[in-house]
file protein-v1.cif (mmCIF, C-alpha atoms)
data_coords
#
loop_
_atom_site.label_atom_id
_atom_site.label_comp_id
_atom_site.auth_asym_id
_atom_site.auth_seq_id
_atom_site.Cartn_x
_atom_site.Cartn_y
_atom_site.Cartn_z
CA MET A 1 71.48 81.58 122.58
CA SER A 2 70.70 78.54 124.66
CA ASP A 3 74.18 77.68 125.93
CA PRO A 4 76.48 80.05 127.85
CA ILE A 5 79.32 81.38 125.74
CA VAL A 6 82.05 81.03 128.43
CA ASN A 7 83.88 77.93 127.22
CA GLU A 8 86.74 77.64 129.71
CA PRO A 9 86.32 79.87 132.79
CA GLU A 10 89.58 78.61 134.28
CA ALA A 11 91.47 79.95 131.24
CA ILE A 12 90.53 83.54 132.09
CA PRO A 13 93.50 85.16 133.91
CA GLU A 14 93.22 85.60 137.66
CA THR A 15 94.11 89.29 137.19
CA LEU A 16 90.62 89.70 135.76
CA ARG A 17 88.77 87.12 137.85
CA GLU A 18 89.82 88.65 141.17
CA ARG A 19 88.16 91.99 140.39
CA ASP A 20 84.48 92.69 141.06
CA GLN A 21 84.08 94.33 137.66
CA TRP A 22 81.90 91.78 135.91
CA VAL A 23 78.55 92.03 134.17
CA CYS A 24 76.54 89.66 132.01
CA TRP A 25 75.14 90.37 128.57
CA ARG A 26 72.20 89.29 126.50
CA GLU A 27 72.01 89.42 122.73
CA GLU A 28 69.01 91.24 121.27
CA GLU A 29 68.17 92.53 117.84
CA ARG A 30 68.28 96.30 117.43
CA ASP A 31 67.57 97.92 114.06
CA GLY A 32 68.02 94.55 112.39
CA LYS A 33 71.43 93.98 113.99
CA PRO A 34 72.41 91.74 116.93
CA THR A 35 73.34 93.90 119.93
CA LYS A 36 74.90 92.84 123.23
CA ILE A 37 72.92 94.42 126.07
CA PRO A 38 74.80 94.57 129.43
CA VAL A 39 72.88 92.90 132.27
CA THR A 40 73.37 93.08 136.05
CA PRO A 41 74.24 89.59 137.40
CA GLY A 42 71.47 88.25 139.62
CA ALA A 43 69.14 91.23 139.32
CA GLY A 44 68.73 90.99 135.56
CA GLY A 45 68.33 94.73 135.02
CA PHE A 46 70.37 96.89 132.67
CA ALA A 47 74.02 97.23 133.71
CA SER A 48 76.10 100.36 133.16
CA ALA A 49 79.84 100.53 132.53
CA THR A 50 79.99 103.63 134.75
CA GLU A 51 77.90 102.41 137.71
CA SER A 52 79.76 99.92 139.93
CA GLU A 53 76.60 98.94 141.79
CA THR A 54 75.49 97.11 138.64
CA TRP A 55 78.66 94.95 138.57
CA ALA A 56 79.44 91.76 140.47
CA SER A 57 82.15 89.20 141.14
CA PHE A 58 83.36 86.83 138.46
CA GLU A 59 81.64 83.87 140.14
CA ALA A 60 78.31 85.70 140.37
CA ALA A 61 78.46 86.73 136.72
CA LEU A 62 79.43 83.23 135.63
CA ASP A 63 76.56 81.66 137.59
CA TYR A 64 74.02 84.09 136.14
CA SER A 65 75.33 83.52 132.61
CA GLU A 66 74.20 79.91 132.92
CA THR A 67 70.56 80.96 133.31
CA GLU A 68 68.12 81.74 130.53
CA HIS A 69 68.45 85.44 131.28
CA ALA A 70 72.00 85.93 129.95
CA ASP A 71 74.19 84.76 127.08
CA GLY A 72 77.66 85.54 128.41
CA ILE A 73 79.84 87.62 130.73
CA GLY A 74 81.83 90.81 130.32
CA PHE A 75 84.63 92.68 132.09
CA VAL A 76 84.26 96.41 132.79
CA PHE A 77 87.28 98.70 132.26
CA THR A 78 87.66 101.47 134.85
CA ASP A 79 89.99 104.31 135.81
CA ASP A 80 90.98 102.30 138.88
CA ASP A 81 92.99 99.73 136.94
CA SER A 82 95.56 99.78 134.15
CA ILE A 83 93.91 97.08 132.03
CA VAL A 84 93.47 97.84 128.33
CA GLY A 85 91.37 95.84 125.90
CA VAL A 86 92.22 95.54 122.20
CA ASP A 87 89.25 94.53 120.06
CA LEU A 88 90.05 93.08 116.64
CA ASP A 89 86.92 92.56 114.52
CA ASP A 90 86.29 90.64 111.30
CA CYS A 91 89.82 89.24 111.10
CA ARG A 92 89.32 85.50 111.67
CA ASP A 93 87.73 82.73 109.63
CA PRO A 94 85.88 80.58 112.23
CA GLU A 95 86.01 77.52 109.97
CA THR A 96 89.70 77.57 109.06
CA ASP A 97 91.17 79.69 111.91
CA ASP A 98 92.89 81.85 109.28
CA VAL A 99 93.85 85.30 110.59
CA ASP A 100 94.47 88.40 108.49
CA ASP A 101 97.99 89.84 108.52
CA ALA A 102 97.22 93.04 110.45
CA ALA A 103 95.47 91.22 113.31
CA LEU A 104 98.25 88.63 113.47
CA ASP A 105 100.85 91.40 113.67
CA ILE A 106 99.02 93.10 116.54
CA ILE A 107 98.50 89.86 118.50
CA GLU A 108 102.12 88.80 118.14
CA ARG A 109 103.52 92.20 119.14
CA LEU A 110 101.24 92.59 122.17
CA ASP A 111 102.15 89.03 123.26
CA SER A 112 99.52 88.86 126.03
CA TYR A 113 96.37 86.90 126.90
CA THR A 114 94.23 86.63 123.76
CA GLU A 115 90.88 84.90 123.21
CA VAL A 116 88.41 84.40 120.39
CA SER A 117 85.43 86.77 120.48
CA PRO A 118 81.84 85.50 120.94
CA SER A 119 81.14 85.70 117.20
CA GLY A 120 84.22 83.62 116.40
CA THR A 121 85.25 86.17 113.76
CA GLY A 122 87.54 88.30 115.90
CA TYR A 123 89.94 88.43 118.84
CA HIS A 124 90.17 90.20 122.18
CA VAL A 125 93.63 90.98 123.58
CA LEU A 126 94.03 92.13 127.20
CA ILE A 127 97.15 93.89 128.44
CA THR A 128 98.17 96.36 131.13
CA GLY A 129 99.41 99.81 130.24
CA ALA A 130 98.27 103.38 129.64
CA LEU A 131 96.22 104.03 126.52
CA PRO A 132 97.86 106.85 124.53
CA GLU A 133 95.83 110.03 124.06
CA GLY A 134 93.96 110.58 120.83
CA ARG A 135 91.42 108.51 118.97
CA ASN A 136 90.82 104.94 120.11
CA ARG A 137 89.25 103.37 117.04
CA ARG A 138 89.98 102.98 113.37
CA GLY A 139 88.46 100.40 111.06
CA SER A 140 88.34 97.01 112.77
CA VAL A 141 90.75 97.96 115.59
CA GLU A 142 89.40 99.42 118.85
CA LEU A 143 91.17 100.16 122.13
CA TYR A 144 89.40 100.56 125.49
CA ASP A 145 90.59 101.36 129.00
CA THR A 146 87.60 102.88 130.84
CA ALA A 147 83.79 103.11 130.91
CA ARG A 148 83.28 100.15 128.54
CA PHE A 149 82.66 96.44 129.00
CA PHE A 150 84.47 93.71 127.08
CA THR A 151 82.81 90.37 126.35
CA VAL A 152 84.93 87.52 127.73
CA THR A 153 84.71 83.92 126.47
CA GLY A 154 87.67 82.05 127.97
CA ASP A 155 88.33 80.67 124.47
CA HIS A 156 92.07 81.19 124.86
CA VAL A 157 94.31 81.30 121.80
CA GLU A 158 96.83 78.59 122.65
CA TRP A 159 99.90 80.24 121.16
CA THR A 160 99.47 83.39 123.29
CA PRO A 161 100.41 83.85 126.98
CA THR A 162 97.95 82.84 129.71
CA ARG A 163 98.52 86.05 131.68
CA VAL A 164 97.68 89.71 131.16
CA ALA A 165 101.12 91.14 130.39
CA ARG A 166 102.37 94.71 130.59
CA ARG A 167 103.07 95.87 127.03
CA GLN A 168 103.28 99.68 127.10
CA ASP A 169 105.80 100.09 124.27
CA ALA A 170 103.92 97.73 121.98
CA LEU A 171 100.60 99.42 122.80
CA THR A 172 102.01 102.86 122.01
CA ALA A 173 103.44 101.67 118.70
CA ILE A 174 100.26 99.85 117.66
CA HIS A 175 98.11 102.85 118.60
CA ARG A 176 100.32 105.07 116.43
CA GLU A 177 100.42 102.69 113.46
CA TYR A 178 96.91 101.25 113.38
CA VAL A 179 94.64 103.75 115.16
CA GLN A 180 95.97 107.29 115.23
CA ASP A 181 95.43 109.61 112.27
CA THR A 182 99.04 109.66 111.05
CA GLU A 183 98.49 112.43 108.49
CA ARG A 184 97.06 114.72 111.13
CA ASP A 185 99.82 113.76 113.58
CA THR A 186 102.49 114.57 111.00
CA ALA A 187 100.94 117.96 110.33
CA SER A 188 100.71 118.69 114.07
CA GLU A 189 104.35 117.74 114.60
CA SER A 190 105.39 119.96 111.69
CA GLU A 191 103.41 122.89 113.11
CA GLN A 192 104.99 122.37 116.52
CA ARG A 193 108.49 122.37 115.01
CA ASP A 194 107.80 125.48 112.91
CA GLY A 195 106.31 127.38 115.83
CA ALA A 196 108.55 126.08 118.58
CA ASP A 197 109.98 129.51 119.33
CA ASP A 198 106.60 131.25 119.44
CA GLU A 199 104.43 128.80 121.35
CA SER A 200 104.45 128.19 125.07
CA PRO A 201 105.00 124.57 126.11
CA THR A 202 101.78 124.69 128.12
CA THR A 203 99.70 125.95 125.22
CA GLY A 204 97.58 123.55 123.18
CA ALA A 205 96.16 124.00 119.69
CA ALA A 206 95.44 127.73 119.67
CA ASP A 207 96.65 130.96 121.25
CA VAL A 208 93.55 132.42 122.92
CA ASP A 209 95.15 134.44 125.73
CA LEU A 210 92.00 135.29 127.71
CA GLU A 211 92.10 136.14 131.40
CA ASP A 212 90.10 133.74 133.57
CA GLU A 213 87.30 136.22 134.27
CA ASP A 214 86.97 137.22 130.61
CA LEU A 215 86.96 133.57 129.57
CA LEU A 216 84.26 132.66 132.10
CA GLU A 217 82.10 135.59 130.99
CA LYS A 218 82.33 134.53 127.33
CA ALA A 219 81.60 130.90 128.20
CA ARG A 220 78.50 131.90 130.20
CA ASN A 221 77.22 134.14 127.40
CA ALA A 222 77.79 131.57 124.65
CA SER A 223 74.93 129.69 122.99
CA ASN A 224 75.66 126.73 125.31
CA GLY A 225 76.28 129.00 128.31
CA GLU A 226 73.50 127.41 130.37
CA LYS A 227 75.18 124.02 130.09
CA PHE A 228 78.55 125.54 131.01
CA GLU A 229 77.03 127.30 134.04
CA ARG A 230 75.42 124.09 135.32
CA LEU A 231 78.68 122.14 135.06
CA TRP A 232 80.70 125.01 136.49
CA ASN A 233 78.43 125.03 139.55
CA GLY A 234 78.87 121.27 140.02
CA ASN A 235 75.47 120.17 138.66
CA THR A 236 75.83 116.68 137.13
CA VAL A 237 72.16 116.20 136.15
CA GLY A 238 71.96 114.48 132.76
CA TYR A 239 75.23 112.56 133.16
CA ASP A 240 75.57 108.91 134.20
CA SER A 241 78.48 109.73 136.50
CA GLN A 242 80.50 112.68 137.75
CA SER A 243 83.42 111.47 135.62
CA GLU A 244 81.33 112.12 132.50
CA ALA A 245 80.43 115.57 133.83
CA ASP A 246 84.13 116.24 134.52
CA MET A 247 84.96 115.36 130.92
CA ALA A 248 82.14 117.54 129.56
CA LEU A 249 83.36 120.58 131.48
CA CYS A 250 86.97 119.94 130.46
CA CYS A 251 85.93 119.77 126.79
CA LEU A 252 84.27 123.18 127.14
CA LEU A 253 87.35 124.55 128.91
CA ALA A 254 89.57 123.09 126.18
CA PHE A 255 87.56 125.02 123.58
CA TRP A 256 87.70 128.34 125.44
CA THR A 257 91.36 128.11 126.53
CA GLY A 258 92.66 126.92 123.16
CA GLY A 259 93.76 123.69 124.81
CA ASP A 260 95.96 125.40 127.40
CA ARG A 261 96.43 122.68 130.01
CA THR A 262 97.65 125.01 132.73
CA GLN A 263 94.66 127.34 132.43
CA MET A 264 92.25 124.40 132.17
CA GLU A 265 93.72 123.00 135.39
CA GLN A 266 93.41 126.33 137.21
CA LEU A 267 89.83 126.88 136.07
CA PHE A 268 88.61 123.35 136.83
CA ARG A 269 89.92 123.67 140.40
CA GLN A 270 87.66 126.70 140.81
CA SER A 271 84.57 124.81 139.62
CA GLY A 272 81.95 123.04 141.68
CA LEU A 273 83.06 119.68 140.21
CA MET A 274 86.46 119.75 141.90
CA ARG A 275 86.96 116.78 144.26
CA GLU A 276 89.80 114.79 145.88
CA LYS A 277 89.79 112.23 143.05
CA TRP A 278 91.18 114.92 140.71
CA ASP A 279 94.66 114.60 142.25
CA GLU A 280 94.67 110.82 142.72
CA VAL A 281 97.11 108.75 140.62
CA HIS A 282 94.94 106.42 138.52
CA TYR A 283 97.29 105.27 135.77
CA ALA A 284 100.36 103.11 135.44
CA ASP A 285 102.40 105.97 133.96
CA GLY A 286 101.86 108.03 137.13
CA SER A 287 99.21 110.32 135.67
CA THR A 288 96.49 111.61 137.96
CA TYR A 289 92.81 111.37 137.14
CA GLY A 290 92.75 115.13 136.49
CA GLU A 291 95.77 115.12 134.18
CA LYS A 292 94.38 112.29 132.07
CA THR A 293 90.92 113.91 131.91
CA ILE A 294 92.47 117.12 130.57
CA GLU A 295 94.58 115.19 128.05
CA ARG A 296 91.54 113.35 126.72
CA ALA A 297 89.44 116.51 126.59
CA ILE A 298 92.05 118.26 124.45
CA ALA A 299 92.44 115.19 122.21
CA THR A 300 88.69 114.98 121.56
CA THR A 301 88.21 118.71 120.93
CA SER A 302 88.58 119.32 117.20
CA GLU A 303 88.07 123.10 117.20
CA PHE A 304 89.02 125.91 119.57
CA TYR A 305 87.79 129.42 120.26
CA ASP A 306 88.97 131.95 117.71
CA THR A 307 89.37 135.48 119.09
CA ASP A 308 89.12 136.86 115.53
CA ALA A 309 85.88 135.04 114.69
CA ALA A 310 82.82 137.08 113.74
CA ASP A 311 80.60 135.32 116.30
CA PRO A 312 81.59 136.62 119.77
CA HIS A 313 79.49 134.01 121.51
CA GLY A 314 81.32 130.93 120.28
CA THR A 315 79.50 127.76 119.25
CA PRO A 316 78.11 124.81 121.20
CA ASP A 317 80.58 122.26 122.56
CA GLY A 318 83.52 123.60 120.61
CA VAL A 319 82.10 122.84 117.15
CA THR A 320 82.53 125.62 114.61
CA THR A 321 80.38 126.28 111.59
CA GLY A 322 81.67 127.18 108.16
CA GLY A 323 85.44 127.33 107.81
CA THR A 324 87.56 125.18 105.54
CA PRO A 325 86.34 121.87 104.08
CA ASP A 326 88.53 120.00 106.55
CA GLU A 327 86.94 121.86 109.45
CA ALA A 328 83.46 121.17 108.09
CA ASP A 329 84.31 117.48 107.69
CA ARG A 330 85.57 117.29 111.27
CA SER A 331 82.44 119.04 112.53
CA ARG A 332 80.23 116.64 110.64
CA ALA A 333 82.25 113.70 111.95
CA TYR A 334 81.90 115.05 115.48
CA LEU A 335 78.14 115.45 115.15
CA SER A 336 77.83 112.03 113.52
CA GLU A 337 79.70 110.40 116.40
CA LYS A 338 77.63 112.35 118.92
CA ASN A 339 74.40 111.19 117.25
CA ARG A 340 75.69 107.61 117.27
CA LEU A 341 76.38 107.78 121.00
CA LEU A 342 72.96 109.29 121.63
CA SER A 343 71.32 106.55 119.57
CA GLU A 344 73.18 103.91 121.58
CA ARG A 345 72.00 105.56 124.79
CA VAL A 346 68.40 105.56 123.53
CA ASP A 347 68.74 101.85 122.69
CA GLU A 348 70.06 101.17 126.18
CA LEU A 349 67.19 103.06 127.81
CA GLU A 350 64.65 101.27 125.61
CA ALA A 351 66.20 97.93 126.59
CA THR A 352 66.01 98.93 130.27
CA LEU A 353 62.36 99.95 129.89
CA GLU A 354 61.57 96.67 128.13
CA GLN A 355 63.26 94.67 130.88
CA LYS A 356 61.39 96.56 133.60
CA THR A 357 58.09 96.10 131.77
CA GLU A 358 58.72 92.37 131.50
CA ARG A 359 59.64 92.29 135.20
CA ILE A 360 56.42 94.10 136.13
CA GLU A 361 54.34 91.66 134.06
CA THR A 362 56.12 88.72 135.70
CA LEU A 363 55.49 90.12 139.19
CA GLU A 364 51.83 90.83 138.41
CA ALA A 365 51.37 87.25 137.18
CA GLU A 366 53.08 85.96 140.33
CA ILE A 367 50.84 88.10 142.55
CA GLU A 368 47.75 86.79 140.75
CA ARG A 369 48.94 83.19 141.17
CA LEU A 370 49.65 83.66 144.87
CA THR A 371 46.28 85.37 145.41
CA ASP A 372 44.45 82.45 143.78
CA GLU A 373 46.49 79.97 145.79
CA LEU A 374 45.74 81.81 149.05
CA ALA A 375 42.00 81.90 148.27
CA ALA A 376 42.01 78.16 147.55
CA ARG A 377 43.78 77.45 150.83
CA ASP A 378 41.29 79.59 152.76
CA GLN A 379 38.44 77.65 151.19
CA GLU A 380 40.06 74.32 152.05
CA THR A 381 40.61 75.48 155.64
CA ALA A 382 36.99 76.54 156.01
CA GLN A 383 35.74 73.18 154.69
CA SER A 384 38.10 71.37 157.01
CA HIS A 385 36.73 73.26 160.05
CA GLU A 386 33.17 72.38 159.08
CA GLU A 387 34.02 68.70 158.73
CA ASP A 388 35.81 68.67 162.09
CA SER A 389 32.83 70.28 163.83
CA GLY A 390 30.43 67.69 162.37
CA THR A 391 32.63 64.80 163.45
CA ALA A 392 32.98 66.15 166.97
CA SER A 393 29.21 66.52 167.30
CA GLU A 394 28.54 62.94 166.16
CA THR A 395 31.16 61.58 168.51
CA GLY A 396 29.65 63.41 171.47
CA ASP A 397 26.08 61.97 170.92
CA ASP A 398 27.28 58.36 170.75
CA SER A 399 29.59 58.52 173.72
CA GLU A 400 26.98 59.65 176.26
CA PRO A 401 24.72 56.53 175.96
CA ALA A 402 27.77 54.31 175.98
CA SER A 403 28.91 55.91 179.21
CA LEU A 404 25.51 55.40 180.87
CA LEU A 405 25.41 51.72 179.86
CA SER A 406 28.91 51.25 181.19
CA ARG A 407 27.94 52.66 184.61
CA PHE A 408 24.74 50.60 184.66
CA PHE A 409 26.42 47.28 183.98
CA SER A 410 29.22 48.15 186.37
CA GLY A 411 26.67 48.64 189.19
CA ARG A 412 24.87 45.36 188.41
CA SER A 413 28.03 43.37 188.67
CA GLU A 414 28.82 44.80 192.08
#

call {"tool": "encode", "arguments": {"input": "protein-v1.cif", "output": "structure tokens"}}
result
Amino acid sequence: MSDPIVNEPEAIPETLRERDQWVCWREEERDGKPTKIPVTPGAGGFASATESETWASFEAALDYSETEHADGIGFVFTDDDSIVGVDLDDCRDPETDDVDDAALDIIERLDSYTEVSPSGTGYHVLITGALPEGRNRRGSVELYDTARFFTVTGDHVEWTPTRVARRQDALTAIHREYVQDTERDTASESEQRDGADDESPTTGAADVDLEDEDLLEKARNASNGEKFERLWNGNTVGYDSQSEADMALCCLLAFWTGGDRTQMEQLFRQSGLMREKWDEVHYADGSTYGEKTIERAIATTSEFYDTDAADPHGTPDGVTTGGTPDEADRSRAYLSEKNRLLSERVDELEATLEQKTERIETLEAEIERLTDELAARDQETAQSHEEDSGTASETGDDSEPASLLSRFFSGRSE
């Protein structure tokens, strides 16, 4: 793209502009598809949605987007704000402005700042609220509130508000209707009603009932015990941030505790990953970082440890083998999603490597140019010195006779 995609910067709400959570992006082709690669404003290297040192102010991002190195700007969602992005894809005809019924329903109910996406075929809605637990994507509807960046165009939809409004009730309803797996929810609610007298309110999806020491021993001896041990000891190697490591450990704890929030909380506090941030309130609903991390870990764990299973060592990352067709389907879906995320990470690393290689080539060319320029200047300086020496010598020979003649004629006149 030759022109920056930000059409009307002043249309972007101040709520977003005042935060230093901006990156740029550049469109590249990956596997035959256009992909938006996040770029650090000014530096030009790969930006990460979990590393704040790669973000910048709105003004810095906007300025860099006007160079040949970027195609647009993006806002990064974090745990430190309550901003939620709703991404509606393939719902708009860029020629007629026609919108499909589902997207129109979502936009009208959220009633907050909405803009046209870079492709012109979708919309981005920004609100404040707390994203409900559970899945965050279904079909052409995606919801984000942390560790992702959202492309921002400033192409405001005129019939929507100009501010980022708080719309918690609408967000909860839309998440339930358009994103959450309603069939699974209905089944879960039915199970909870049927087993209300037998199940503790702090217990999650399964009744494991293991003492802490027994649970830790089983986790360490499992096929992924080495990974568990590293996380348990506070080792975050292999993760982009400690928040990702926190989530990984909580997912393992969710598997081994059967989703028991109380036991997960107690165990995490004993781990090497425990820090002050765990008890900090990070969400508009009053939830702490730790509470929300546990909620998300339970929501993303599809299977839990079965004390009656034949394999006493469990299975990696809470994924079981065999079982019913539904369980097998969920396991395959889990692995498919995991592979997709890994592929995206590989693409990101390849893009970073490509950028660094280009940067190295540019610097090498610049060094070569400067070296040639310096050599040329040295040569010019040397020639200049030689010419000056010759001129001085000639001037000295002529001046001496002239001086003698001057003294001679001066004496004669006296």

call {"tool": "closest_residue", "arguments": {"input": "protein-v1.cif", "among": "A:Ala43, A:Val6, A:Met274, A:Ala222", "to": "Ala245 of chain A", "atoms": "only C-alpha atoms"}}
result
A:Met274

call {"tool": "residues_near_point", "arguments": {"input": "protein-v1.cif", "point": "(94.4, 108.6, 138.0)", "cutoff": "10 Å", "atoms": "all atoms listed in the file", "output": "PyMOL selection string"}}
result
chain A and resi 79-82+277-293

call {"tool": "closest_residue", "arguments": {"input": "protein-v1.cif", "among": "A:Ile106, A:Leu131, A:Val84, A:Leu171", "to": "Phe150 of chain A", "atoms": "all atoms listed in the file"}}
result
A:Val84

call {"tool": "closest_residue", "arguments": {"input": "protein-v1.cif", "among": "A:His175, A:Arg135, A:Arg17, A:Arg109", "to": "Thr301 of chain A", "atoms": "only C-alpha atoms"}}
result
A:Arg135

call {"tool": "closest_residue", "arguments": {"input": "protein-v1.cif", "among": "A:Asp388, A:Asp145, A:Glu364, A:Glu295", "to": "Leu253 of chain A", "atoms": "all atoms listed in the file"}}
result
A:Glu295

call {"tool": "atom_distance", "arguments": {"input": "protein-v1.cif", "atom1": "atom CA of Arg261 of chain A", "atom2": "atom CA of Gly225 of chain A"}}
result
21.2 Å

call {"tool": "atom_distance", "arguments": {"input": "protein-v1.cif", "atom1": "atom CA of Val179 of chain A", "atom2": "atom CA of Ile127 of chain A"}}
result
16.7 Å

call {"tool": "resolve_selection", "arguments": {"input": "protein-v1.cif", "expression": "the PyMOL selection byres ((chain A and resi 33-37) around 10)", "output": "JSON, numbers by chain"}}
result
{"A": [24, 25, 26, 27, 28, 29, 30, 31, 32, 38, 39, 46, 47, 48, 70, 71, 72, 151, 347, 348, 351, 352]}

call {"tool": "resolve_selection", "arguments": {"input": "protein-v1.cif", "expression": "the PyMOL selection byres ((chain A and resi 220) around 12)", "output": "PyMOL selection string"}}
result
chain A and resi 213-219+221-233+252-253+256+312-316

call {"tool": "residues_around", "arguments": {"input": "protein-v1.cif", "residues": "Glu59 of chain A", "least_positions_apart": "3", "cutoff": "9 Å", "atoms": "only C-alpha atoms", "output": "NGL selection string"}}
result
:A and (17 or 22 or 56 or 62-64)

call {"tool": "atom_distance", "arguments": {"input": "protein-v1.cif", "atom1": "atom CA of Glu350 of chain A", "atom2": "atom CA of Phe149 of chain A"}}
result
19.0 Å

call {"tool": "closest_residue", "arguments": {"input": "protein-v1.cif", "among": "A:Thr78, A:Thr96, A:Thr114, A:Thr50", "to": "Pro13 of chain A", "atoms": "only C-alpha atoms"}}
result
A:Thr114

call {"tool": "closest_residue", "arguments": {"input": "protein-v1.cif", "among": "A:Gly139, A:Pro9, A:Gly120, A:Gly134", "to": "Asp98 of chain A", "atoms": "only C-alpha atoms"}}
result
A:Gly120

call {"tool": "residues_around", "arguments": {"input": "protein-v1.cif", "residues": "Asn7 of chain A", "least_positions_apart": "6", "cutoff": "9 Å", "atoms": "all atoms listed in the file", "output": "PyMOL selection string"}}
result
chain A and resi 153-155
